[in-house]
file model_29.txt (compact mmCIF, C-alpha atoms)
# COMPACT_ATOMS: atom_id res chain seq x y z
CA MET A 1 32.52 56.94 -6.33
CA LEU A 2 34.46 59.06 -8.85
CA ARG A 3 37.79 57.99 -7.41
CA ARG A 4 36.93 54.30 -7.47
CA LEU A 5 35.51 54.55 -10.97
CA ARG A 6 38.67 56.19 -12.22
CA GLN A 7 40.75 53.45 -10.60
CA GLU A 8 38.70 50.80 -12.37
CA LEU A 9 39.12 52.52 -15.73
CA GLU A 10 42.88 52.78 -15.24
CA LYS A 11 43.07 49.17 -14.06
CA TYR A 12 41.25 47.60 -16.97
CA ILE A 13 41.61 49.86 -20.01
CA GLY A 14 44.13 52.60 -19.26
CA TYR A 15 44.24 55.61 -21.56
CA ASP A 16 45.79 55.72 -25.00
CA LYS A 17 46.63 59.36 -25.53
CA GLY A 18 47.73 58.68 -29.09
CA GLY A 19 44.43 57.26 -30.32
CA ARG A 20 40.74 58.20 -30.20
CA PRO A 21 39.45 56.13 -27.26
CA LEU A 22 35.67 55.95 -27.01
CA LEU A 23 33.54 54.72 -24.13
CA VAL A 24 30.05 53.62 -25.24
CA VAL A 25 27.69 53.42 -22.25
CA ALA A 26 24.59 51.20 -22.32
CA PHE A 27 22.17 53.87 -21.14
CA SER A 28 18.68 52.86 -19.99
CA GLY A 29 17.95 56.10 -18.13
CA GLY A 30 17.68 54.24 -14.83
CA ARG A 31 19.46 55.22 -11.65
CA ASP A 32 22.58 53.13 -12.22
CA SER A 33 23.22 54.03 -15.85
CA VAL A 34 22.60 57.71 -15.13
CA GLY A 35 25.18 57.55 -12.33
CA LEU A 36 27.73 55.83 -14.58
CA LEU A 37 27.24 58.14 -17.55
CA ALA A 38 27.30 61.31 -15.44
CA ALA A 39 30.45 60.20 -13.60
CA LEU A 40 32.21 59.34 -16.88
CA ASP A 41 31.20 62.75 -18.20
CA GLU A 42 32.89 64.35 -15.19
CA LEU A 43 36.07 62.36 -15.74
CA ARG A 44 36.43 62.57 -19.50
CA GLY A 45 38.21 65.92 -19.56
CA ASP A 46 41.07 64.64 -17.42
CA CYS A 47 41.15 61.11 -18.83
CA GLY A 48 41.10 61.99 -22.51
CA TYR A 49 38.43 59.63 -23.83
CA GLU A 50 35.34 60.46 -25.84
CA LEU A 51 31.91 59.44 -24.60
CA ALA A 52 28.73 58.13 -26.18
CA ALA A 53 25.46 56.75 -24.83
CA ALA A 54 23.45 53.93 -26.40
CA HIS A 55 19.77 53.44 -25.59
CA PHE A 56 17.81 50.35 -26.69
CA ASN A 57 14.02 50.74 -26.66
CA HIS A 58 12.52 47.25 -26.30
CA CYS A 59 8.98 48.58 -26.95
CA LEU A 60 7.70 46.44 -24.07
CA ARG A 61 6.28 49.17 -21.82
CA GLY A 62 4.49 51.42 -24.28
CA ALA A 63 4.51 55.12 -23.38
CA GLU A 64 6.79 54.48 -20.40
CA ALA A 65 9.50 53.06 -22.68
CA ASP A 66 9.10 55.96 -25.10
CA GLY A 67 9.45 58.33 -22.16
CA ASP A 68 12.70 56.61 -21.17
CA GLN A 69 14.02 57.10 -24.68
CA GLU A 70 13.21 60.81 -24.71
CA PHE A 71 14.66 61.27 -21.22
CA CYS A 72 17.94 59.69 -22.34
CA ARG A 73 18.03 61.83 -25.48
CA ASP A 74 17.48 65.04 -23.48
CA PHE A 75 19.97 64.03 -20.77
CA CYS A 76 22.72 63.56 -23.35
CA ALA A 77 21.83 66.67 -25.34
CA ALA A 78 22.13 68.82 -22.21
CA ARG A 79 25.66 67.52 -21.62
CA GLY A 80 26.95 67.29 -25.16
CA ILE A 81 27.15 63.49 -25.08
CA THR A 82 26.76 61.68 -28.39
CA PHE A 83 23.49 59.73 -28.30
CA HIS A 84 22.58 56.57 -30.22
CA THR A 85 19.22 54.85 -30.01
CA VAL A 86 17.19 52.15 -31.71
CA ARG A 87 13.69 50.69 -31.34
CA ARG A 88 12.91 46.97 -31.60
CA ASP A 89 9.55 45.29 -31.06
CA VAL A 90 11.01 42.55 -28.88
CA ARG A 91 7.70 40.85 -28.15
CA SER A 92 6.98 40.16 -31.81
CA LEU A 93 10.61 39.30 -32.58
CA ALA A 94 10.69 36.77 -29.73
CA GLY A 95 7.94 34.65 -31.28
CA GLY A 96 7.44 31.89 -28.75
CA ALA A 97 10.86 32.28 -27.16
CA ASN A 98 11.56 33.80 -23.75
CA ILE A 99 11.05 37.56 -24.04
CA GLU A 100 13.66 38.49 -21.44
CA ASN A 101 16.35 36.37 -23.12
CA THR A 102 15.40 37.70 -26.55
CA ALA A 103 15.55 41.29 -25.29
CA ARG A 104 19.02 40.75 -23.84
CA ARG A 105 20.28 39.06 -27.01
CA LEU A 106 18.95 41.77 -29.32
CA ARG A 107 20.22 44.55 -27.06
CA TYR A 108 23.77 43.22 -26.91
CA GLU A 109 23.83 42.43 -30.62
CA TRP A 110 23.00 46.07 -31.32
CA LEU A 111 25.44 47.42 -28.73
CA HIS A 112 28.33 45.39 -30.11
CA SER A 113 27.45 46.31 -33.70
CA LEU A 114 27.42 49.97 -32.65
CA CYS A 115 30.91 49.59 -31.19
CA ASP A 116 32.06 48.03 -34.47
CA ALA A 117 30.56 50.93 -36.41
CA CYS A 118 32.38 53.42 -34.16
CA ARG A 119 35.67 51.67 -34.90
CA GLY A 120 34.88 52.09 -38.57
CA ARG A 121 34.66 55.83 -37.98
CA GLY A 122 38.20 55.92 -36.62
CA TYR A 123 37.71 55.48 -32.86
CA ALA A 124 40.23 53.19 -31.18
CA PRO A 125 40.01 51.57 -28.78
CA VAL A 126 36.24 51.33 -28.30
CA TRP A 127 34.83 49.97 -25.04
CA LEU A 128 31.25 49.05 -24.15
CA LEU A 129 30.35 49.87 -20.53
CA THR A 130 27.38 48.73 -18.47
CA ALA A 131 26.30 49.96 -15.03
CA HIS A 132 26.07 46.62 -13.19
CA HIS A 133 27.04 47.22 -9.58
CA GLN A 134 27.83 45.30 -6.40
CA GLU A 135 24.23 44.30 -5.62
CA ASP A 136 23.65 43.18 -9.22
CA GLN A 137 26.69 40.93 -8.89
CA ALA A 138 25.45 39.50 -5.59
CA GLU A 139 22.04 38.73 -7.09
CA THR A 140 23.69 37.04 -10.08
CA VAL A 141 25.76 34.82 -7.77
CA LEU A 142 22.60 33.78 -5.93
CA LEU A 143 20.70 33.12 -9.18
CA HIS A 144 23.47 30.84 -10.43
CA LEU A 145 23.72 29.15 -7.05
CA LEU A 146 20.00 28.37 -7.08
CA ARG A 147 20.35 26.90 -10.58
CA GLY A 148 23.12 24.58 -9.42
CA GLY A 149 25.92 26.45 -11.16
CA GLY A 150 29.55 25.46 -10.65
CA SER A 151 32.49 27.78 -10.20
CA SER A 152 32.10 29.19 -13.72
CA GLY A 153 28.53 30.22 -12.94
CA LEU A 154 29.31 31.48 -9.45
CA ALA A 155 32.07 33.65 -10.91
CA ALA A 156 29.04 35.57 -12.24
CA MET A 157 29.79 38.77 -14.19
CA ARG A 158 33.41 39.53 -15.06
CA PRO A 159 34.63 43.14 -14.74
CA LEU A 160 36.15 42.82 -18.21
CA ASN A 161 34.97 40.49 -20.96
CA GLY A 162 36.37 41.32 -24.37
CA GLU A 163 35.27 44.86 -25.17
CA LEU A 164 32.64 44.81 -22.40
CA LEU A 165 33.59 46.57 -19.16
CA ARG A 166 31.57 46.68 -15.93
CA PRO A 167 33.43 49.31 -13.87
CA LEU A 168 30.85 49.56 -11.05
CA LEU A 169 30.89 45.91 -9.92
CA GLY A 170 32.78 46.85 -6.76
CA ILE A 171 30.60 49.91 -6.06
CA SER A 172 27.42 49.64 -4.01
CA ARG A 173 23.97 50.84 -4.93
CA ARG A 174 24.15 53.17 -1.93
CA ASP A 175 27.31 54.84 -3.28
CA ILE A 176 25.53 55.46 -6.58
CA GLU A 177 22.50 56.90 -4.79
CA VAL A 178 24.71 59.26 -2.79
CA TYR A 179 26.46 60.42 -5.96
CA LEU A 180 23.11 61.13 -7.67
CA ALA A 181 21.74 62.99 -4.64
CA GLU A 182 24.83 65.17 -4.31
CA ARG A 183 24.49 66.28 -7.94
CA HIS A 184 20.67 66.42 -7.97
CA LEU A 185 20.55 64.12 -10.98
CA PRO A 186 17.20 62.74 -12.21
CA TRP A 187 16.59 59.22 -13.49
CA ARG A 188 13.74 57.03 -14.71
CA GLU A 189 12.12 54.19 -12.77
CA ASP A 190 11.33 50.97 -14.64
CA SER A 191 7.91 49.79 -13.40
CA THR A 192 8.85 46.13 -14.02
CA ASN A 193 11.45 46.37 -11.24
CA ALA A 194 8.57 46.14 -8.76
CA CYS A 195 7.07 43.01 -10.38
CA PRO A 196 7.16 40.19 -7.78
CA ASP A 197 6.88 37.52 -10.50
CA MET A 198 10.46 38.15 -11.63
CA THR A 199 13.02 36.04 -9.78
CA ARG A 200 15.67 38.74 -9.61
CA ASN A 201 13.17 41.19 -8.12
CA ARG A 202 12.31 38.70 -5.37
CA LEU A 203 15.99 38.22 -4.61
CA ARG A 204 16.45 41.98 -4.45
CA GLY A 205 13.36 42.73 -2.40
CA GLN A 206 13.09 39.67 -0.14
CA VAL A 207 16.25 37.56 -0.02
CA MET A 208 18.96 40.23 0.04
CA PRO A 209 17.40 42.11 2.99
CA LEU A 210 17.39 38.83 4.96
CA LEU A 211 21.04 38.20 4.11
CA ARG A 212 21.98 41.73 5.15
CA GLY A 213 20.29 40.98 8.48
CA ILE A 214 22.85 38.20 8.94
CA ASN A 215 25.77 40.10 7.40
CA PRO A 216 25.39 43.81 6.58
CA GLN A 217 28.15 43.35 3.98
CA ALA A 218 26.44 40.40 2.28
CA ALA A 219 26.59 41.94 -1.20
CA ALA A 220 30.30 42.69 -0.87
CA ALA A 221 30.97 39.18 0.46
CA LEU A 222 29.15 37.56 -2.46
CA GLY A 223 31.08 39.80 -4.82
CA GLN A 224 34.35 38.70 -3.25
CA THR A 225 33.32 35.07 -3.68
CA ALA A 226 32.63 35.75 -7.36
CA ALA A 227 36.06 37.36 -7.78
CA VAL A 228 37.86 34.42 -6.14
CA LEU A 229 35.98 31.88 -8.26
CA ALA A 230 36.57 33.88 -11.42
CA ALA A 231 40.33 33.73 -10.88
CA GLU A 232 40.19 30.00 -10.11
CA ASP A 233 37.98 29.39 -13.15
CA ASP A 234 40.43 31.23 -15.41
CA TYR A 235 43.29 29.14 -14.02
CA PHE A 236 41.35 25.90 -14.47
CA THR A 237 40.44 26.86 -18.03
CA SER A 238 44.08 27.47 -18.90
CA LEU A 239 44.96 23.99 -17.61
CA LEU A 240 42.22 22.40 -19.71
CA SER A 241 43.48 23.93 -22.96
CA GLU A 242 46.14 21.18 -23.18
CA LYS A 243 43.61 18.42 -22.54
CA MET A 244 41.26 19.81 -25.19
CA ARG A 245 43.86 19.01 -27.84
CA ALA A 246 42.56 15.44 -27.76
CA ALA A 247 39.17 16.66 -28.99
CA VAL A 248 38.07 16.61 -32.63
CA PHE A 249 35.81 19.39 -33.88
CA ALA A 250 33.60 19.87 -36.91
CA GLU A 251 30.69 22.20 -37.61
CA GLY A 252 28.12 21.53 -34.88
CA ARG A 253 30.05 18.53 -33.59
CA ALA A 254 32.66 17.70 -30.93
CA GLU A 255 34.26 14.35 -30.05
CA TYR A 256 36.51 13.20 -27.23
CA PRO A 257 38.19 9.81 -26.49
CA LEU A 258 36.05 8.18 -23.83
CA ALA A 259 38.94 6.42 -22.08
CA LEU A 260 40.85 9.69 -21.71
CA LEU A 261 37.76 11.47 -20.43
CA ARG A 262 36.95 8.86 -17.81
CA GLY A 263 40.56 8.70 -16.66
CA GLU A 264 40.39 12.30 -15.46
CA HIS A 265 39.31 13.60 -12.06
CA ILE A 266 35.54 14.13 -11.96
CA ALA A 267 36.02 17.91 -11.78
CA VAL A 268 37.99 17.80 -15.03
CA GLN A 269 35.45 15.46 -16.64
CA ARG A 270 32.62 17.87 -15.96
CA ARG A 271 34.51 20.83 -17.36
CA LEU A 272 35.56 18.93 -20.48
CA VAL A 273 31.95 17.92 -21.17
CA ARG A 274 30.79 21.50 -20.82
CA LEU A 275 33.55 22.75 -23.11
CA LEU A 276 32.64 20.12 -25.70
CA TRP A 277 29.01 21.21 -25.49
CA GLN A 278 30.02 24.85 -26.06
CA HIS A 279 32.00 23.91 -29.17
CA ALA A 280 29.15 21.81 -30.57
CA ALA A 281 26.58 24.51 -29.84
CA GLY A 282 28.83 27.36 -31.00
CA SER A 283 28.12 29.14 -27.73
CA GLU A 284 30.32 31.13 -25.34
CA LEU A 285 28.15 29.94 -22.44
CA CYS A 286 27.19 26.42 -21.47
CA SER A 287 23.47 25.74 -20.93
CA LEU A 288 23.86 22.21 -19.60
CA THR A 289 22.25 21.55 -16.25
CA PHE A 290 24.10 19.58 -13.58
CA GLU A 291 21.84 16.59 -14.24
CA GLN A 292 22.52 16.71 -17.99
CA THR A 293 26.27 16.92 -17.43
CA GLU A 294 26.16 13.90 -15.11
CA GLY A 295 23.92 12.05 -17.56
CA ILE A 296 26.42 12.59 -20.38
CA LEU A 297 29.24 11.25 -18.21
CA ARG A 298 27.18 8.09 -17.48
CA LEU A 299 26.34 7.38 -21.14
CA THR A 300 26.89 3.88 -22.49
CA PRO A 301 27.02 2.71 -26.12
CA GLY A 302 23.62 2.74 -27.79
CA LYS A 303 22.25 5.42 -25.45
CA ALA A 304 21.80 9.13 -26.19
CA LEU A 305 20.98 12.21 -24.19
CA HIS A 306 19.33 15.31 -25.65
CA SER A 307 20.05 18.69 -24.10
CA ALA A 308 19.65 22.43 -24.64
CA GLY A 309 20.73 23.91 -27.96
CA GLY A 310 19.56 20.85 -29.91
CA ILE A 311 22.68 18.94 -28.77
CA GLU A 312 22.63 15.13 -28.68
CA ALA A 313 25.34 13.34 -26.70
CA SER A 314 26.16 9.70 -27.43
CA VAL A 315 29.00 7.18 -27.23
CA ARG A 316 30.22 5.95 -30.62
CA GLY A 317 32.96 3.74 -32.04
CA ARG A 318 34.49 0.31 -31.54
CA ARG A 319 35.16 -1.10 -28.08
CA ASP A 320 38.83 -0.12 -28.28
CA ASP A 321 38.06 3.35 -29.64
CA ARG A 322 34.97 4.65 -27.86
CA ARG A 323 34.36 8.36 -28.27
CA LEU A 324 31.93 10.76 -26.63
CA VAL A 325 30.19 12.61 -29.45
CA LEU A 326 28.18 15.79 -29.02
CA ARG A 327 26.26 16.77 -32.14
CA GLN A 328 23.97 19.69 -32.84
CA PHE A 329 20.79 18.83 -34.70
CA THR A 330 19.46 21.26 -37.31
CA ASP A 331 16.03 22.85 -36.87
CA GLU A 332 14.70 20.54 -39.60
CA GLU A 333 16.02 17.46 -37.84
CA LEU A 334 14.54 18.58 -34.55
CA ALA A 335 11.18 19.18 -36.24
CA ARG A 336 11.23 15.68 -37.76
CA ARG A 337 12.09 14.15 -34.39
CA ALA A 338 9.26 16.08 -32.72
CA GLU A 339 6.83 14.89 -35.39
CA LYS A 340 7.90 11.28 -34.92
CA SER A 341 7.46 11.66 -31.17
CA ARG A 342 3.92 12.99 -31.65
CA ARG A 343 3.12 9.99 -33.85
CA GLY A 344 4.54 7.59 -31.28
CA GLN A 345 7.24 6.33 -33.62
call {"tool": "encode", "arguments": {"input": "model_29.txt", "output": "structure tokens"}}
result
Amino acid sequence: MLRRLRQELEKYIGYDKGGRPLLVVAFSGGRDSVGLLAALDELRGDCGYELAAAHFNHCLRGAEADGDQEFCRDFCAARGITFHTVRRDVRSLAGGANIENTARRLRYEWLHSLCDACRGRGYAPVWLLTAHHQEDQAETVLLHLLRGGGSSGLAAMRPLNGELLRPLLGISRRDIEVYLAERHLPWREDSTNACPDMTRNRLRGQVMPLLRGINPQAAAALGQTAAVLAAEDDYFTSLLSEKMRAAVFAEGRAEYPLALLRGEHIAVQRRLVRLLWQHAAGSELCSLTFEQTEGILRLTPGKALHSAGGIEASVRGRRDDRRLVLRQFTDEELARRAEKSRRGQ
């Protein structure tokens, strides 16, 4: 595992001997993050980077979560690893929103802000590392497949995305377990990992064992599929950059000539619609379902389609200048529309 991890680090980030490179590890205290942090600690003397761990306490599991936080603090103290931590009451901050999505958003906001703060203290470059491994990638591919995701979704997690690096994506859970056993390293178990109500847990505990019965290398095969589709998606995206020049953007709004859109191959049409949605929503990811994307492509003048992110799609303009318009409604506008709907107006 150490050899492959070192190869991944050299492949994606290299080592700048003239600067103060810092690797910030998202450290939950679970098996995978313990394996990643311990392995990076072993390598840092030869590779010349500095190391820090970042633990986010979501305050969702009471004393168990507090125990995770203390475990992480002690683990780092014993090894001389800089430790950062924060507590957030995710349940109350979520309001009525999805708790899991809120937890992820808040966690990554804090992790990225921590990286920015480290740059302000003179570290450069600064990388954020997570311990997602081969099985995590396989499960993500299956989740996106079940949701009807296209090649962008099936590309799943990228090894490198901006400052975020996932160096264990090609390493199996078994390899991590062997590494931990050889070094007698402890870790914490998250009790929610055994909850059968969570989709990912059912994939891990029920679906993946069945797939391994068909192909013992199922996780690796799904990971290879993700890698192939990621490369194809990047290539497709580069081709679309020229076509996106026909779009017109404003705050919370994106337009595209309808005749140009409908003159493209259907694969290009779908991608253009999703890119337009991302611009209107101000999002790096597209939340459109397949049905919503197809519905937008079928729109006729006078019709509108409402989708995730408060985005309304419609066809506007004169007959000789029809344009597909995607517009983001404000919270106030959405509230007024909801009130009118309740009144039957």
call {"tool": "residues_near_point", "arguments": {"input": "model_29.txt", "point": "(21.8, 21.6, -14.5)", "cutoff": "12 Å", "atoms": "all atoms listed in the file", "output": "PyMOL selection string"}}
result
chain A and resi 144-150+153+270+274+286-296+307-308
call {"tool": "atom_distance", "arguments": {"input": "model_29.txt", "atom1": "CA of Ala65 in chain A", "atom2": "CA of Leu165 in chain A"}}
result
25.2 Å
call {"tool": "residues_around", "arguments": {"input": "model_29.txt", "residues": "Gly35 in chain A", "least_positions_apart": "6", "cutoff": "12 Å", "atoms": "all atoms listed in the file", "output": "number ranges by chain"}}
result
A: 1-2, 5, 25-29, 41-42, 75, 130-133, 167-168, 171-188
call {"tool": "closest_residue", "arguments": {"input": "model_29.txt", "among": "A:Val141, A:Leu36, A:Leu129, A:Val90", "to": "Arg200 in chain A", "atoms": "all atoms listed in the file"}}
result
A:Val141
call {"tool": "residues_around", "arguments": {"input": "model_29.txt", "residues": "range 191-195 of chain A", "least_positions_apart": "6", "cutoff": "10 Å", "atoms": "all atoms listed in the file", "output": "list in words"}}
result
Arg61, Glu64, Ala65, Asn201, Arg202, Arg204 and Gly205 of chain A
call {"tool": "closest_residue", "arguments": {"input": "model_29.txt", "among": "A:Asp89, A:Glu139, A:Glu255, A:Glu8", "to": "Leu40 in chain A", "atoms": "all atoms listed in the file"}}
result
A:Glu8
call {"tool": "closest_residue", "arguments": {"input": "model_29.txt", "among": "A:Ala156, A:Leu299, A:Cys72, A:Ala53", "to": "Leu285 in chain A", "atoms": "all atoms listed in the file"}}
result
A:Ala156
call {"tool": "atom_distance", "arguments": {"input": "model_29.txt", "atom1": "CA of Arg212 in chain A", "atom2": "CA of Ser33 in chain A"}}
result
24.4 Å
call {"tool": "build_atoms", "arguments": {"input": "model_29.txt", "residues": "range 123-146 of chain A", "atoms": "N, CA and C atoms", "output": "compact mmCIF listing (two decimals), in the coordinates of the input"}}
result
# COMPACT_ATOMS: atom_id res chain seq x y z
N TYR A 123 37.48 55.53 -34.31
CA TYR A 123 37.71 55.48 -32.86
C TYR A 123 38.50 54.21 -32.52
N ALA A 124 39.45 54.35 -31.62
CA ALA A 124 40.23 53.19 -31.18
C ALA A 124 41.03 53.56 -29.93
N PRO A 125 40.91 52.72 -28.88
CA PRO A 125 40.01 51.57 -28.78
C PRO A 125 38.58 52.01 -28.45
N VAL A 126 37.64 51.09 -28.64
CA VAL A 126 36.24 51.33 -28.30
C VAL A 126 35.83 50.32 -27.23
N TRP A 127 35.26 50.83 -26.14
CA TRP A 127 34.83 49.97 -25.04
C TRP A 127 33.33 50.14 -24.83
N LEU A 128 32.67 49.03 -24.49
CA LEU A 128 31.25 49.05 -24.15
C LEU A 128 31.13 48.90 -22.64
N LEU A 129 30.47 49.87 -21.99
CA LEU A 129 30.35 49.87 -20.53
C LEU A 129 28.90 49.69 -20.10
N THR A 130 28.70 48.86 -19.08
CA THR A 130 27.38 48.73 -18.47
C THR A 130 27.48 49.12 -17.00
N ALA A 131 26.32 49.40 -16.38
CA ALA A 131 26.30 49.96 -15.03
C ALA A 131 26.00 48.91 -13.96
N HIS A 132 26.28 47.64 -14.22
CA HIS A 132 26.07 46.62 -13.19
C HIS A 132 26.93 46.92 -11.97
N HIS A 133 26.33 46.86 -10.80
CA HIS A 133 27.04 47.22 -9.58
C HIS A 133 27.10 46.05 -8.60
N GLN A 134 27.55 46.34 -7.38
CA GLN A 134 27.83 45.30 -6.40
C GLN A 134 26.60 44.43 -6.09
N GLU A 135 25.45 45.07 -5.92
CA GLU A 135 24.23 44.30 -5.62
C GLU A 135 23.80 43.45 -6.81
N ASP A 136 23.96 43.97 -8.03
CA ASP A 136 23.65 43.18 -9.22
C ASP A 136 24.51 41.91 -9.24
N GLN A 137 25.78 42.07 -8.91
CA GLN A 137 26.69 40.93 -8.89
C GLN A 137 26.26 39.91 -7.84
N ALA A 138 25.90 40.40 -6.66
CA ALA A 138 25.45 39.50 -5.59
C ALA A 138 24.21 38.72 -6.01
N GLU A 139 23.26 39.40 -6.63
CA GLU A 139 22.04 38.73 -7.09
C GLU A 139 22.35 37.69 -8.15
N THR A 140 23.31 37.98 -9.02
CA THR A 140 23.69 37.04 -10.08
C THR A 140 24.32 35.79 -9.48
N VAL A 141 25.17 35.97 -8.46
CA VAL A 141 25.76 34.82 -7.77
C VAL A 141 24.66 33.94 -7.19
N LEU A 142 23.69 34.55 -6.54
CA LEU A 142 22.60 33.78 -5.93
C LEU A 142 21.76 33.07 -6.99
N LEU A 143 21.47 33.74 -8.10
CA LEU A 143 20.70 33.12 -9.18
C LEU A 143 21.42 31.87 -9.69
N HIS A 144 22.72 31.99 -9.93
CA HIS A 144 23.47 30.84 -10.43
C HIS A 144 23.58 29.74 -9.38
N LEU A 145 23.68 30.13 -8.12
CA LEU A 145 23.72 29.15 -7.05
C LEU A 145 22.42 28.35 -6.99
N LEU A 146 21.29 29.03 -7.12
CA LEU A 146 20.00 28.37 -7.08
C LEU A 146 19.77 27.46 -8.28
